[in-house]
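A quick write-up on the structure given underneath.
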Amino acid sequence: MSSMDYKKLCKDGLHLSQDSIFVAVMGCKTFCSLVGLCLIALITYFEQLTKSFHKNARLIIFLHFGMVFISATGSALSDGFDFLRFTALKAANHDTDCPVAPFPATIGTTFKLIKIFGTAGIIGTVFAWGLERFIATVYAKSYEGNGCRLGILMCAIATALAIFDVSLHLSKVDFSLYLSMVSVTKPAIDLSMKCYYVLAAIEVFGVVLLGLIWIMNVRFNNIKKRVFSSLSYKSQIQENIEAVALMFPVAFLHFTFGVTAALVVPSITLNVDEERDKTKFIAALDTIVVYYVVLPVALFWRSLVKRRNSKRVLNLSVHRESGDHHFTMLHKLFN
């Protein structure tokens, strides 16, 4: 790297660190990522909502948790690394010629690729969840007795999508460069945006599929009460409804943030020529960190509601049994 390039990167780093709003955003993203990591670990360990679901569904949901954890790890590393450089390291090096020194792409881009892998995996698992629930709906009469091969296949597809996304980025990333902030390097930015659009389209399809599955199962649920419907069929339809009701809100939330960013980022960066500013806008408008927190909070809330409803049903049952007992005693007394 020439001295001229080094000075430019130092100037870019200093310029980024002087944008207080941008630095605050990076700090908030780092905080959300760290909180999300803790919450995802807790919800994975204590999760009870999917306990009654088919093992295929549980395999996919736990892979989804894993992908969220990986994505949050990448976000904490990449955003946290920049936040640390723009604050603490800048203060420590304030008396040098380059307070915010550039760094090799092998460090920052690796952090970014971890996040890219996890994010692609999140979208892939939502899509896989939709496919698995669709098959569970079509073959509701016999699905309960199926093994876990389908779940393993769906998990393999979601993982392959994430690996393919990272592989495409690796084909364009220039690890020989130095950077002023974490990014996939300039040669890979255009490809990264194209991959983002493809993933957004897959996510749209996955969310629409989940919505259609919910409608189908609700309609089947109105028909299933016929006497000739088997217990396993009724149970599978009810499981499909509960499973989609669990995942659809959080999947739709992730879809909302993702599609909004996909639409907003190009319109903002269209007339931005400076790579530094373009990278800054892309980083600041990446709102997936909100999902790291909202997903476990939503699942905790659903668990709390389910527990309260179960206690309410139990109390009503005990009260009814108590009433029946008193009625029996009175009947014996007067007869």
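Letters A, B, ... go to the chains of the structure tokens in the order shown; residues in each chain start at 1; ligands are counted from 1 in the same order.
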
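Here the DSSP assignment of strand (DSSP E or B), based on backbone atoms, applies within region 78-287 of chain A to Phe103, Pro104, Tyr178 and Leu179 of chain A.
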
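Among A:Thr125, A:Ser176, A:Thr279, A:Ser142, the residue with the shortest atom-to-atom distance to Ile189 (chain A), counting only C-alpha atoms, is A:Thr279.
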
Identify, with DSSP run on backbone atoms, the residues in region 49-293 of chain A assigned to helix (DSSP H, G or I), and express the list as a PyMOL selection string. chain A and resi 55-92+105-138+143-145+149-170+186-223+231-269+275-284+289-293

Could you list, as a list in words, every residue within 7 Å of Thr185 (chain A), counting only C-alpha atoms and ignoring same-chain residues fewer than 2 positions away? Val173, Asp174, Ser183, Pro187, Ala188 and Ile189 of chain A

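If you measure from each of A:Ala76, A:Ala41, A:Leu304, A:Leu113 to Ser192 (chain A) using only C-alpha atoms, the closest one turns out to be A:Leu113.
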
Considering only C-alpha atoms, give me a table of residues in region 169-243 of chain A that are at most 6 Å from region 105-110 of chain A, with the closest atom pair and distance in Å for each, as a Markdown table.
```
| residue | atom | partner | partner_atom | distance |
| --- | --- | --- | --- | --- |
| A:Phe175 | CA | A:Ala105 | CA | 5.0 |
| A:Leu177 | CA | A:Ala105 | CA | 5.7 |
| A:Tyr178 | CA | A:Ala105 | CA | 5.4 |
| A:Val182 | CA | A:Gly108 | CA | 4.7 |
| A:Ser183 | CA | A:Thr109 | CA | 5.7 |
| A:Val184 | CA | A:Thr109 | CA | 5.2 |
```

Could those selected residues go to a file with C-alpha atoms, as a PDB file, in the first residue's frame?
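Output below, filename part-v6.pdb:
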```
ATOM      1  CA  PHE A 175      -8.110  -9.559   0.736  1.00  0.00           C
ATOM      2  CA  LEU A 177      -6.632  -4.310   0.363  1.00  0.00           C
ATOM      3  CA  TYR A 178      -6.652  -2.172   3.492  1.00  0.00           C
ATOM      4  CA  VAL A 182     -15.449  -3.118   7.781  1.00  0.00           C
ATOM      5  CA  SER A 183     -16.840  -4.033   4.345  1.00  0.00           C
ATOM      6  CA  VAL A 184     -16.697  -6.741   1.691  1.00  0.00           C
TER       7      VAL A 184
END
```

If you count only C-alpha atoms, which residues fall within 12 Å of Tyr139 (chain A), apart from same-chain ones fewer than 6 positions away, as a list of chain:residue names? A:Glu132, A:Arg133, A:Gly145, A:Asn146, A:Asn217, A:Ser232, A:Tyr233, A:Gln236, A:Ile237, A:Asn240

Counting only C-alpha atoms, the option among A:Thr260, A:Thr137, A:Thr87, A:Gln238 closest to Ala24 (chain A):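 Of the candidates, the smallest distance to Ala24 (chain A) is held by A:Thr87.
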
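When the distance limit is 7 Å and only C-alpha atoms are what count, the residues near Met154 (chain A), minus those fewer than 4 positions from it on the same chain, are Ala128, Leu150 and Ala158 of chain A.
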
Write the residues you've just listed into a file as a short mmCIF file (atom, residue, chain, number, x, y, z; two decimals), in the first residue's frame, and include all heavy atoms for each of them.
```cif
data_model
loop_
_atom_site.label_atom_id
_atom_site.label_comp_id
_atom_site.auth_asym_id
_atom_site.auth_seq_id
_atom_site.Cartn_x
_atom_site.Cartn_y
_atom_site.Cartn_z
N ALA A 128 -37.04 -22.93 4.20
CA ALA A 128 -37.10 -24.37 4.48
C ALA A 128 -38.27 -24.71 5.40
O ALA A 128 -38.95 -25.73 5.22
CB ALA A 128 -35.79 -24.84 5.11
N LEU A 150 -36.63 -35.54 5.98
CA LEU A 150 -37.05 -34.28 5.34
C LEU A 150 -36.44 -33.08 6.07
O LEU A 150 -35.97 -32.14 5.43
CB LEU A 150 -38.57 -34.17 5.33
CG LEU A 150 -39.14 -32.87 4.73
CD1 LEU A 150 -38.75 -32.76 3.26
CD2 LEU A 150 -40.65 -32.81 4.89
N ALA A 158 -30.86 -25.10 3.33
CA ALA A 158 -30.66 -23.78 3.92
C ALA A 158 -29.18 -23.49 4.14
O ALA A 158 -28.70 -22.38 3.85
CB ALA A 158 -31.41 -23.68 5.25
#
```

Taking only C-alpha atoms into account, which of A:Ser17, A:Gln48, A:Asp82, A:Lys29 comes nearest Phe103 (chain A)? A:Asp82

Quick one: residues within 8 Å of His64 (chain A), only C-alpha atoms, excluding same-chain residues fewer than 4 positions away - as a PyMOL selection string? chain A and resi 60+68+121-122+125-126

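When only C-alpha atoms are used to measure the gap to Phe69 (chain A), the shortest distance among A:Arg85, A:Leu14, A:Phe255, A:Tyr291 belongs to A:Tyr291.
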
I'd like the neighbourhood of Gly36 (chain A) as a PyMOL selection string, where a residue qualifies if any of its atoms comes within 6 Å (using only C-alpha atoms), though same-chain residues fewer than 4 positions away should be ignored. chain A and resi 32+40+292-293

Would you mind exporting the chosen residues as a PDB file, in the first residue's frame, restricted to C-alpha atoms?
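As written to disk, result-v3.pdb reads:
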```pdb
ATOM      1  CA  CYS A  32     -28.275  -5.128  20.006  1.00  0.00           C
ATOM      2  CA  ILE A  40     -30.811 -16.441  21.544  1.00  0.00           C
ATOM      3  CA  TYR A 292     -31.624 -10.552  16.915  1.00  0.00           C
ATOM      4  CA  VAL A 293     -33.509  -9.037  19.857  1.00  0.00           C
TER       5      VAL A 293
END
```

Mind giving me the straight-line distance from CA of Phe164 (chain A) to CA of Leu295 (chain A) in Å, one decimal?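 Going from CA of Phe164 (chain A) over to CA of Leu295 (chain A), I get 25.2 Å.
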